[in-house]
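**Student:** Got model16.cif for you, mmCIF, C-alpha atoms:
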```
data_final
#
loop_
_atom_site.group_PDB
_atom_site.id
_atom_site.type_symbol
_atom_site.label_atom_id
_atom_site.label_comp_id
_atom_site.auth_asym_id
_atom_site.auth_seq_id
_atom_site.Cartn_x
_atom_site.Cartn_y
_atom_site.Cartn_z
ATOM 1 C CA MET A 898 19.182 0.588 -117.116
ATOM 2 C CA ARG A 899 16.233 0.392 -119.487
ATOM 3 C CA ARG A 900 14.491 3.646 -120.389
ATOM 4 C CA VAL A 901 10.764 3.447 -120.997
ATOM 5 C CA HIS A 902 9.562 5.600 -123.900
ATOM 6 C CA PRO A 903 6.514 7.807 -123.165
ATOM 7 C CA ILE A 904 4.470 5.922 -125.792
ATOM 8 C CA GLU A 905 5.137 2.636 -123.981
ATOM 9 C CA ALA A 906 4.220 4.185 -120.628
ATOM 10 C CA GLU A 907 0.958 5.514 -122.096
ATOM 11 C CA SER A 908 0.186 2.133 -123.640
ATOM 12 C CA TYR A 909 0.543 0.430 -120.254
ATOM 13 C CA ARG A 910 -1.647 3.099 -118.642
ATOM 14 C CA ILE A 911 -4.382 2.414 -121.189
ATOM 15 C CA LEU A 912 -3.980 -1.353 -120.809
ATOM 16 C CA ARG A 913 -4.369 -1.128 -117.023
ATOM 17 C CA GLY A 914 -7.627 0.744 -117.513
ATOM 18 C CA LEU A 915 -9.017 -1.934 -119.821
ATOM 19 C CA VAL A 916 -8.342 -5.157 -117.955
ATOM 20 C CA ASP A 917 -8.366 -6.466 -114.407
ATOM 21 C CA LEU A 918 -5.200 -8.416 -113.612
ATOM 22 C CA SER A 919 -5.769 -8.613 -109.851
ATOM 23 C CA ARG A 920 -5.857 -12.437 -109.933
ATOM 24 C CA PHE A 921 -2.107 -12.418 -110.573
ATOM 25 C CA GLY A 922 0.720 -11.912 -108.111
ATOM 26 C CA PRO A 923 3.343 -9.222 -108.839
ATOM 27 C CA LEU A 924 5.435 -11.304 -111.262
ATOM 28 C CA GLY A 925 2.359 -12.814 -112.893
ATOM 29 C CA ARG A 926 0.891 -9.353 -113.386
ATOM 30 C CA ALA A 927 4.156 -8.173 -114.988
ATOM 31 C CA VAL A 928 4.056 -11.148 -117.378
ATOM 32 C CA ALA A 929 0.367 -10.656 -118.198
ATOM 33 C CA GLU A 930 0.818 -6.936 -118.837
ATOM 34 C CA ARG A 931 3.790 -7.429 -121.133
ATOM 35 C CA VAL A 932 2.070 -10.263 -123.041
ATOM 36 C CA ILE A 933 -1.096 -8.209 -123.495
ATOM 37 C CA HIS A 934 0.961 -5.173 -124.489
ATOM 38 C CA ALA A 935 2.891 -7.196 -127.097
ATOM 39 C CA SER A 936 -0.254 -8.721 -128.591
ATOM 40 C CA ALA A 937 -2.979 -6.127 -127.912
ATOM 41 C CA ASP A 938 -5.047 -9.168 -126.967
ATOM 42 C CA LEU A 939 -6.971 -8.797 -123.718
ATOM 43 C CA ASP A 940 -7.971 -12.485 -123.796
ATOM 44 C CA TYR A 941 -4.601 -13.338 -122.263
ATOM 45 C CA ALA A 942 -5.895 -11.903 -118.975
ATOM 46 C CA GLY A 943 -8.063 -15.003 -118.700
ATOM 47 C CA SER A 944 -6.062 -17.640 -120.581
ATOM 48 C CA LEU A 945 -2.591 -17.157 -119.089
ATOM 49 C CA VAL A 946 -1.536 -19.765 -116.556
ATOM 50 C CA VAL A 947 1.293 -18.700 -114.284
ATOM 51 C CA ASP A 948 2.444 -19.669 -110.838
ATOM 52 C CA GLU A 949 4.199 -17.032 -108.750
ATOM 53 C CA ALA A 950 6.633 -19.574 -107.261
ATOM 54 C CA ALA A 951 7.594 -20.785 -110.751
ATOM 55 C CA LEU A 952 8.120 -17.191 -111.877
ATOM 56 C CA GLU A 953 10.324 -16.528 -108.854
ATOM 57 C CA LYS A 954 12.384 -19.600 -109.727
ATOM 58 C CA GLY A 955 12.737 -18.371 -113.313
ATOM 59 C CA LEU A 956 13.674 -14.868 -112.185
ATOM 60 C CA GLU A 957 16.322 -16.289 -109.867
ATOM 61 C CA ALA A 958 17.771 -18.377 -112.698
ATOM 62 C CA LEU A 959 17.935 -15.310 -114.924
ATOM 63 C CA ARG A 960 19.703 -13.365 -112.174
ATOM 64 C CA TYR A 961 22.356 -16.086 -112.139
ATOM 65 C CA ASN A 962 22.703 -15.958 -115.921
ATOM 66 C CA ALA A 963 21.060 -19.311 -116.689
ATOM 67 C CA PRO A 964 21.132 -20.239 -120.382
ATOM 68 C CA VAL A 965 18.055 -19.135 -122.320
ATOM 69 C CA VAL A 966 17.076 -21.553 -125.098
ATOM 70 C CA THR A 967 14.539 -20.613 -127.784
ATOM 71 C CA ASP A 968 12.693 -22.706 -130.346
ATOM 72 C CA VAL A 969 13.078 -20.260 -133.243
ATOM 73 C CA GLY A 970 15.072 -17.214 -134.241
ATOM 74 C CA MET A 971 12.070 -14.891 -134.005
ATOM 75 C CA VAL A 972 11.748 -15.616 -130.285
ATOM 76 C CA ALA A 973 15.478 -15.061 -129.825
ATOM 77 C CA ALA A 974 15.229 -11.768 -131.744
ATOM 78 C CA GLY A 975 12.584 -10.521 -129.320
ATOM 79 C CA ILE A 976 14.786 -11.148 -126.279
ATOM 80 C CA THR A 977 17.200 -8.285 -126.726
ATOM 81 C CA ALA A 978 18.599 -7.918 -123.211
ATOM 82 C CA ARG A 979 19.999 -11.459 -122.959
ATOM 83 C CA LYS A 980 22.076 -13.759 -125.091
ATOM 84 C CA THR A 981 20.018 -16.763 -126.163
ATOM 85 C CA ARG A 982 20.690 -20.143 -127.675
ATOM 86 C CA CYS A 983 18.694 -21.183 -130.713
ATOM 87 C CA TYR A 984 19.609 -24.287 -132.694
ATOM 88 C CA VAL A 985 16.848 -24.354 -135.308
ATOM 89 C CA SER A 986 19.284 -23.290 -138.062
ATOM 90 C CA ASP A 987 22.224 -25.280 -136.728
ATOM 91 C CA THR A 988 23.486 -27.824 -139.257
ATOM 92 C CA ARG A 989 23.297 -30.509 -136.567
ATOM 93 C CA ALA A 990 19.582 -29.802 -136.118
ATOM 94 C CA ARG A 991 19.001 -30.012 -139.859
ATOM 95 C CA LYS A 992 20.781 -33.353 -139.995
ATOM 96 C CA LEU A 993 18.969 -34.742 -136.943
ATOM 97 C CA SER A 994 15.641 -33.517 -138.301
ATOM 98 C CA ASP A 995 16.216 -35.378 -141.571
ATOM 99 C CA GLU A 996 17.419 -38.547 -139.829
ATOM 100 C CA LEU A 997 14.566 -38.761 -137.329
ATOM 101 C CA GLY A 998 11.755 -37.173 -139.310
ATOM 102 C CA ILE A 999 11.159 -34.500 -136.663
ATOM 103 C CA THR A 1000 10.973 -30.727 -137.003
ATOM 104 C CA ARG A 1001 14.160 -28.680 -136.850
ATOM 105 C CA SER A 1002 12.848 -26.946 -133.719
ATOM 106 C CA ALA A 1003 12.441 -30.303 -131.971
ATOM 107 C CA ALA A 1004 15.865 -31.396 -133.169
ATOM 108 C CA GLY A 1005 17.318 -28.125 -131.947
ATOM 109 C CA PHE A 1006 15.894 -28.758 -128.497
ATOM 110 C CA ARG A 1007 17.534 -32.191 -128.447
ATOM 111 C CA ILE A 1008 20.873 -30.543 -129.091
ATOM 112 C CA ALA A 1009 20.172 -27.807 -126.563
ATOM 113 C CA ALA A 1010 19.358 -30.376 -123.881
ATOM 114 C CA GLU A 1011 22.895 -31.707 -124.171
ATOM 115 C CA GLU A 1012 24.518 -28.270 -124.181
ATOM 116 C CA ALA A 1013 22.393 -26.110 -121.876
ATOM 117 C CA GLY A 1014 22.246 -28.502 -118.956
ATOM 118 C CA THR A 1015 20.106 -28.322 -115.843
ATOM 119 C CA GLY A 1016 18.551 -25.026 -114.818
ATOM 120 C CA ALA A 1017 18.121 -23.447 -118.257
ATOM 121 C CA VAL A 1018 15.156 -21.273 -119.208
ATOM 122 C CA TRP A 1019 13.352 -22.674 -122.274
ATOM 123 C CA VAL A 1020 11.195 -20.383 -124.432
ATOM 124 C CA VAL A 1021 8.766 -21.749 -127.033
ATOM 125 C CA GLY A 1022 6.776 -19.280 -129.092
ATOM 126 C CA ASN A 1023 6.317 -20.980 -132.400
ATOM 127 C CA ALA A 1024 6.743 -24.746 -132.536
ATOM 128 C CA PRO A 1025 4.486 -27.048 -130.512
ATOM 129 C CA THR A 1026 6.797 -29.859 -131.646
ATOM 130 C CA ALA A 1027 9.652 -28.233 -129.708
ATOM 131 C CA LEU A 1028 7.521 -28.069 -126.567
ATOM 132 C CA PHE A 1029 6.475 -31.712 -126.958
ATOM 133 C CA GLU A 1030 10.148 -32.624 -127.431
ATOM 134 C CA LEU A 1031 11.209 -30.682 -124.343
ATOM 135 C CA LEU A 1032 8.634 -32.565 -122.290
ATOM 136 C CA ARG A 1033 10.134 -35.872 -123.469
ATOM 137 C CA LEU A 1034 13.731 -34.892 -122.700
ATOM 138 C CA ASP A 1035 15.498 -35.562 -119.436
ATOM 139 C CA VAL A 1036 16.004 -31.920 -118.438
ATOM 140 C CA GLU A 1037 15.321 -29.937 -115.308
ATOM 141 C CA PRO A 1038 14.397 -26.448 -116.498
ATOM 142 C CA ALA A 1039 14.351 -23.468 -114.189
ATOM 143 C CA LEU A 1040 11.365 -22.242 -116.211
ATOM 144 C CA VAL A 1041 9.528 -23.113 -119.408
ATOM 145 C CA VAL A 1042 7.802 -20.345 -121.333
ATOM 146 C CA GLY A 1043 5.428 -22.481 -123.385
ATOM 147 C CA LEU A 1044 3.428 -20.224 -125.688
ATOM 148 C CA PRO A 1045 3.480 -21.862 -129.122
ATOM 149 C CA VAL A 1046 0.869 -20.740 -131.604
ATOM 150 C CA GLY A 1047 -1.264 -22.628 -134.078
ATOM 151 C CA PHE A 1048 -4.080 -25.022 -134.754
ATOM 152 C CA VAL A 1049 -1.989 -28.212 -134.842
ATOM 153 C CA GLY A 1050 -0.632 -29.219 -131.465
ATOM 154 C CA ALA A 1051 -0.308 -25.815 -129.793
ATOM 155 C CA ALA A 1052 -3.164 -26.191 -127.297
ATOM 156 C CA GLU A 1053 -2.302 -29.846 -126.721
ATOM 157 C CA SER A 1054 1.386 -29.161 -126.060
ATOM 158 C CA LYS A 1055 0.466 -26.464 -123.551
ATOM 159 C CA GLN A 1056 -1.954 -28.794 -121.801
ATOM 160 C CA GLU A 1057 0.811 -31.402 -121.574
ATOM 161 C CA LEU A 1058 3.127 -28.740 -120.131
ATOM 162 C CA LEU A 1059 0.528 -27.918 -117.474
ATOM 163 C CA LEU A 1060 0.210 -31.587 -116.560
ATOM 164 C CA SER A 1061 4.001 -32.049 -116.408
ATOM 165 C CA GLY A 1062 4.395 -30.068 -113.201
ATOM 166 C CA LEU A 1063 7.360 -28.159 -114.643
ATOM 167 C CA PRO A 1064 7.675 -24.494 -113.643
ATOM 168 C CA ALA A 1065 5.981 -22.705 -116.509
ATOM 169 C CA ILE A 1066 4.350 -19.728 -118.128
ATOM 170 C CA THR A 1067 1.704 -20.854 -120.589
ATOM 171 C CA ASN A 1068 -1.870 -20.287 -121.676
ATOM 172 C CA ARG A 1069 -4.853 -22.319 -122.698
ATOM 173 C CA GLY A 1070 -5.772 -22.554 -126.357
ATOM 174 C CA PRO A 1071 -4.082 -22.015 -129.719
ATOM 175 C CA LYS A 1072 -2.989 -18.397 -129.195
ATOM 176 C CA GLY A 1073 0.662 -17.614 -128.610
ATOM 177 C CA GLY A 1074 3.559 -16.728 -130.858
ATOM 178 C CA SER A 1075 7.110 -15.497 -130.932
ATOM 179 C CA ALA A 1076 6.314 -11.953 -129.791
ATOM 180 C CA VAL A 1077 4.172 -13.224 -126.923
ATOM 181 C CA ALA A 1078 6.786 -15.730 -125.720
ATOM 182 C CA ALA A 1079 9.567 -13.151 -125.911
ATOM 183 C CA ALA A 1080 7.369 -10.651 -124.060
ATOM 184 C CA ALA A 1081 6.713 -13.146 -121.262
ATOM 185 C CA LEU A 1082 10.426 -13.695 -120.727
ATOM 186 C CA ASN A 1083 11.209 -9.991 -121.082
ATOM 187 C CA ALA A 1084 8.732 -9.310 -118.270
ATOM 188 C CA LEU A 1085 11.021 -11.236 -115.929
ATOM 189 C CA ILE A 1086 14.225 -9.790 -117.363
ATOM 190 C CA TYR A 1087 12.933 -6.223 -116.934
ATOM 191 C CA TYR A 1088 10.961 -6.843 -113.754
ATOM 192 C CA GLU A 1089 13.241 -5.008 -111.352
ATOM 193 C CA GLU A 1090 13.813 -2.155 -113.829
ATOM 194 C CA ASP A 1091 10.158 -1.333 -114.577
#
```
What's the structure tokens form of this structure?
**Tutor:**
Amino acid sequence: MRRVHPIEAESYRILRGLVDLSRFGPLGRAVAERVIHASADLDYAGSLVVDEAALEKGLEALRYNAPVVTDVGMVAAGITARKTRCYVSDTRARKLSDELGITRSAAGFRIAAEEAGTGAVWVVGNAPTALFELLRLDVEPALVVGLPVGFVGAAESKQELLLSGLPAITNRGPKGGSAVAAAALNALIYYEED
């Protein structure tokens, strides 16, 4: 059972006084709160795109211990309550990256697609190239947390995710990052404990 520190509880109290999250359902509100808390960025209240049914599907997958695949080690490091799979530093990803001229994150997702199987939860917080790659792969994710950050491809990869129809947590624009993506997944992991 997770214990909430008084500083964290006070931070959430302040956050709730600063922003209206009534447009979200219960799971969406939990995700939005945790993302805003992790980033101190109130803009996520308007830019986050979540679907309650997709979040329920993701929560159910997590309950049944679905594999969690991350694009980079920093995202994996932020998900402390679950074992994750990250292949960005795997020698196979390095080799595939060199052979195909793709990023190691994208190569890592190719490897993960073979090993994680159907029903995995995919978390992207850094590399738009990994999200683009995931959208090209023949996988059936339980949930995609697509929150890459940056000025090259981040907004476009998230727009493509939205158009894909896959169950997702994402946002519009270039904002995102490892802490934000980990926070979004942690919101579901901790949902029944908070």
**Student:** Residues at most 8 Å from region 970-982 of chain A, counting all atoms listed in the file, excluding those fewer than 3 positions away in the same chain, as a list in words?
**Tutor:**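 Result of the neighbour search: Pro964, Val965, Val966, Thr967, Val985, Ala1009, Val1020, Val1021, Gly1022, Asn1023, Ser1075, Ala1076, Ala1078, Ala1079, Ala1080, Leu1082, Asn1083 and Ile1086 of chain A.
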**Student:** Between A:Val947, A:Leu956, A:Leu1032, A:Ile1066, which residue has the minimum interatomic distance to Tyr1088 (chain A), considering all atoms listed in the file?
**Tutor:**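 Ranked by minimum distance to Tyr1088 (chain A), first place goes to A:Leu956.
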**Student:** Apply the PyMOL selection byres ((chain A and resi 916) around 12) to the file shown and report the selected residues as number ranges by chain.
**Tutor:** A: 909-915, 917-920, 926, 929-930, 933-934, 937-943
**Student:** Would you save the residues of that selection, restricted to C-alpha atoms, as a CSV table (one decimal), in the coordinates of the input?
**Tutor:**
```csv
chain,number,residue,atom,x,y,z
A,909,TYR,CA,0.5,0.4,-120.3
A,910,ARG,CA,-1.6,3.1,-118.6
A,911,ILE,CA,-4.4,2.4,-121.2
A,912,LEU,CA,-4.0,-1.4,-120.8
A,913,ARG,CA,-4.4,-1.1,-117.0
A,914,GLY,CA,-7.6,0.7,-117.5
A,915,LEU,CA,-9.0,-1.9,-119.8
A,917,ASP,CA,-8.4,-6.5,-114.4
A,918,LEU,CA,-5.2,-8.4,-113.6
A,919,SER,CA,-5.8,-8.6,-109.9
A,920,ARG,CA,-5.9,-12.4,-109.9
A,926,ARG,CA,0.9,-9.4,-113.4
A,929,ALA,CA,0.4,-10.7,-118.2
A,930,GLU,CA,0.8,-6.9,-118.8
A,933,ILE,CA,-1.1,-8.2,-123.5
A,934,HIS,CA,1.0,-5.2,-124.5
A,937,ALA,CA,-3.0,-6.1,-127.9
A,938,ASP,CA,-5.0,-9.2,-127.0
A,939,LEU,CA,-7.0,-8.8,-123.7
A,940,ASP,CA,-8.0,-12.5,-123.8
A,941,TYR,CA,-4.6,-13.3,-122.3
A,942,ALA,CA,-5.9,-11.9,-119.0
A,943,GLY,CA,-8.1,-15.0,-118.7
```
**Student:** Give me the residues within 9 Å of Leu1034 (chain A) as a list of chain:residue names, counting all atoms listed in the file and dropping any in the same chain fewer than 6 places off.
**Tutor:**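 So, after excluding close chain neighbours, the residues are A:Phe1006, A:Arg1007, A:Ala1010.
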**Student:** Do you know which residues the PyMOL selection byres ((chain A and resi 1030) around 9) returns on this file, as number ranges by chain?
**Tutor:** A: 1002-1004, 1006-1007, 1025-1029, 1031-1034
**Student:** Using all atoms listed in the file, which protein or nucleic acid residues come within 7 Å of Arg931 (chain A)? Drop anything in the same chain fewer than 3 positions from it, and give the result as number ranges by chain.
**Tutor:** A: 927-928, 934-935, 1080-1081, 1084
**Student:** Figure out the distance between CA of Leu1040 (chain A) and CA of Ala950 (chain A), please, to one decimal in Å.
**Tutor:**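 Computing it gives 10.5 Å between the two atoms.
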**Student:** Counting only C-alpha atoms, which residue out of A:Asp968, A:Val1036, A:Thr1015, A:Gly1073 sits closest to Arg1001 (chain A)?
**Tutor:**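 Among the listed residues, A:Asp968 lies closest to Arg1001 (chain A).
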**Student:** Complete region 1030-1064 of chain A at the level of N, CA and C atoms, written as an mmCIF file, in the frame of the given file.
**Tutor:**
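Output contents, as saved in rebuild-v3.cif:
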```cif
data_model
loop_
_atom_site.group_PDB
_atom_site.id
_atom_site.type_symbol
_atom_site.label_atom_id
_atom_site.label_comp_id
_atom_site.auth_asym_id
_atom_site.auth_seq_id
_atom_site.Cartn_x
_atom_site.Cartn_y
_atom_site.Cartn_z
ATOM 1 N N GLU A 1030 8.815 -32.026 -127.550
ATOM 2 C CA GLU A 1030 10.148 -32.624 -127.431
ATOM 3 C C GLU A 1030 10.764 -32.313 -126.076
ATOM 4 N N LEU A 1031 10.668 -31.071 -125.643
ATOM 5 C CA LEU A 1031 11.209 -30.682 -124.343
ATOM 6 C C LEU A 1031 10.605 -31.528 -123.229
ATOM 7 N N LEU A 1032 9.313 -31.788 -123.323
ATOM 8 C CA LEU A 1032 8.634 -32.565 -122.290
ATOM 9 C C LEU A 1032 9.065 -34.032 -122.279
ATOM 10 N N ARG A 1033 9.624 -34.498 -123.400
ATOM 11 C CA ARG A 1033 10.134 -35.872 -123.469
ATOM 12 C C ARG A 1033 11.585 -35.980 -123.004
ATOM 13 N N LEU A 1034 12.302 -34.880 -123.019
ATOM 14 C CA LEU A 1034 13.731 -34.892 -122.700
ATOM 15 C C LEU A 1034 13.959 -34.980 -121.196
ATOM 16 N N ASP A 1035 15.116 -35.465 -120.844
ATOM 17 C CA ASP A 1035 15.498 -35.562 -119.436
ATOM 18 C C ASP A 1035 16.218 -34.273 -119.046
ATOM 19 N N VAL A 1036 15.450 -33.219 -118.830
ATOM 20 C CA VAL A 1036 16.004 -31.920 -118.438
ATOM 21 C C VAL A 1036 15.272 -31.417 -117.202
ATOM 22 N N GLU A 1037 15.934 -30.570 -116.474
ATOM 23 C CA GLU A 1037 15.321 -29.937 -115.308
ATOM 24 C C GLU A 1037 15.378 -28.425 -115.519
ATOM 25 N N PRO A 1038 14.386 -27.881 -116.212
ATOM 26 C CA PRO A 1038 14.397 -26.448 -116.498
ATOM 27 C C PRO A 1038 14.118 -25.610 -115.256
ATOM 28 N N ALA A 1039 14.709 -24.436 -115.224
ATOM 29 C CA ALA A 1039 14.351 -23.468 -114.189
ATOM 30 C C ALA A 1039 12.969 -22.916 -114.485
ATOM 31 N N LEU A 1040 12.662 -22.769 -115.779
ATOM 32 C CA LEU A 1040 11.365 -22.242 -116.211
ATOM 33 C C LEU A 1040 11.159 -22.612 -117.667
ATOM 34 N N VAL A 1041 9.911 -22.897 -118.018
ATOM 35 C CA VAL A 1041 9.528 -23.113 -119.408
ATOM 36 C C VAL A 1041 8.490 -22.058 -119.765
ATOM 37 N N VAL A 1042 8.789 -21.260 -120.765
ATOM 38 C CA VAL A 1042 7.802 -20.345 -121.333
ATOM 39 C C VAL A 1042 7.221 -21.101 -122.524
ATOM 40 N N GLY A 1043 6.052 -21.655 -122.356
ATOM 41 C CA GLY A 1043 5.428 -22.481 -123.385
ATOM 42 C C GLY A 1043 4.239 -21.776 -123.990
ATOM 43 N N LEU A 1044 4.489 -20.999 -125.039
ATOM 44 C CA LEU A 1044 3.428 -20.224 -125.688
ATOM 45 C C LEU A 1044 3.443 -20.409 -127.207
ATOM 46 N N PRO A 1045 3.521 -21.677 -127.674
ATOM 47 C CA PRO A 1045 3.480 -21.862 -129.122
ATOM 48 C C PRO A 1045 2.109 -21.491 -129.674
ATOM 49 N N VAL A 1046 2.087 -21.197 -130.952
ATOM 50 C CA VAL A 1046 0.869 -20.740 -131.604
ATOM 51 C C VAL A 1046 0.461 -21.735 -132.684
ATOM 52 N N GLY A 1047 -0.822 -21.844 -132.935
ATOM 53 C CA GLY A 1047 -1.264 -22.628 -134.078
ATOM 54 C C GLY A 1047 -2.434 -23.535 -133.773
ATOM 55 N N PHE A 1048 -2.913 -24.160 -134.851
ATOM 56 C CA PHE A 1048 -4.080 -25.022 -134.754
ATOM 57 C C PHE A 1048 -3.722 -26.500 -134.699
ATOM 58 N N VAL A 1049 -2.434 -26.816 -134.884
ATOM 59 C CA VAL A 1049 -1.989 -28.212 -134.842
ATOM 60 C C VAL A 1049 -1.012 -28.373 -133.687
ATOM 61 N N GLY A 1050 -1.498 -28.867 -132.576
ATOM 62 C CA GLY A 1050 -0.632 -29.219 -131.465
ATOM 63 C C GLY A 1050 -0.343 -28.132 -130.451
ATOM 64 N N ALA A 1051 -0.662 -26.894 -130.734
ATOM 65 C CA ALA A 1051 -0.308 -25.815 -129.793
ATOM 66 C C ALA A 1051 -1.064 -25.977 -128.472
ATOM 67 N N ALA A 1052 -2.373 -26.055 -128.528
ATOM 68 C CA ALA A 1052 -3.164 -26.191 -127.297
ATOM 69 C C ALA A 1052 -2.817 -27.481 -126.567
ATOM 70 N N GLU A 1053 -2.614 -28.555 -127.326
ATOM 71 C CA GLU A 1053 -2.302 -29.846 -126.721
ATOM 72 C C GLU A 1053 -0.931 -29.834 -126.040
ATOM 73 N N SER A 1054 0.051 -29.209 -126.669
ATOM 74 C CA SER A 1054 1.386 -29.161 -126.060
ATOM 75 C C SER A 1054 1.368 -28.338 -124.775
ATOM 76 N N LYS A 1055 0.570 -27.285 -124.758
ATOM 77 C CA LYS A 1055 0.466 -26.464 -123.551
ATOM 78 C C LYS A 1055 -0.260 -27.212 -122.433
ATOM 79 N N GLN A 1056 -1.261 -27.983 -122.804
ATOM 80 C CA GLN A 1056 -1.954 -28.794 -121.801
ATOM 81 C C GLN A 1056 -0.993 -29.831 -121.213
ATOM 82 N N GLU A 1057 -0.174 -30.435 -122.054
ATOM 83 C CA GLU A 1057 0.811 -31.402 -121.574
ATOM 84 C C GLU A 1057 1.829 -30.721 -120.657
ATOM 85 N N LEU A 1058 2.213 -29.503 -120.995
ATOM 86 C CA LEU A 1058 3.127 -28.740 -120.131
ATOM 87 C C LEU A 1058 2.484 -28.524 -118.762
ATOM 88 N N LEU A 1059 1.228 -28.127 -118.745
ATOM 89 C CA LEU A 1059 0.528 -27.918 -117.474
ATOM 90 C C LEU A 1059 0.500 -29.195 -116.631
ATOM 91 N N LEU A 1060 0.289 -30.312 -117.276
ATOM 92 C CA LEU A 1060 0.210 -31.587 -116.560
ATOM 93 C C LEU A 1060 1.581 -32.090 -116.112
ATOM 94 N N SER A 1061 2.644 -31.576 -116.712
ATOM 95 C CA SER A 1061 4.001 -32.049 -116.408
ATOM 96 C C SER A 1061 4.480 -31.651 -115.018
ATOM 97 N N GLY A 1062 3.929 -30.567 -114.489
ATOM 98 C CA GLY A 1062 4.395 -30.068 -113.201
ATOM 99 C C GLY A 1062 5.661 -29.226 -113.282
ATOM 100 N N LEU A 1063 6.179 -29.005 -114.488
ATOM 101 C CA LEU A 1063 7.360 -28.159 -114.643
ATOM 102 C C LEU A 1063 6.997 -26.704 -114.354
ATOM 103 N N PRO A 1064 7.946 -25.916 -113.843
ATOM 104 C CA PRO A 1064 7.675 -24.494 -113.643
ATOM 105 C C PRO A 1064 7.459 -23.828 -115.003
#
```
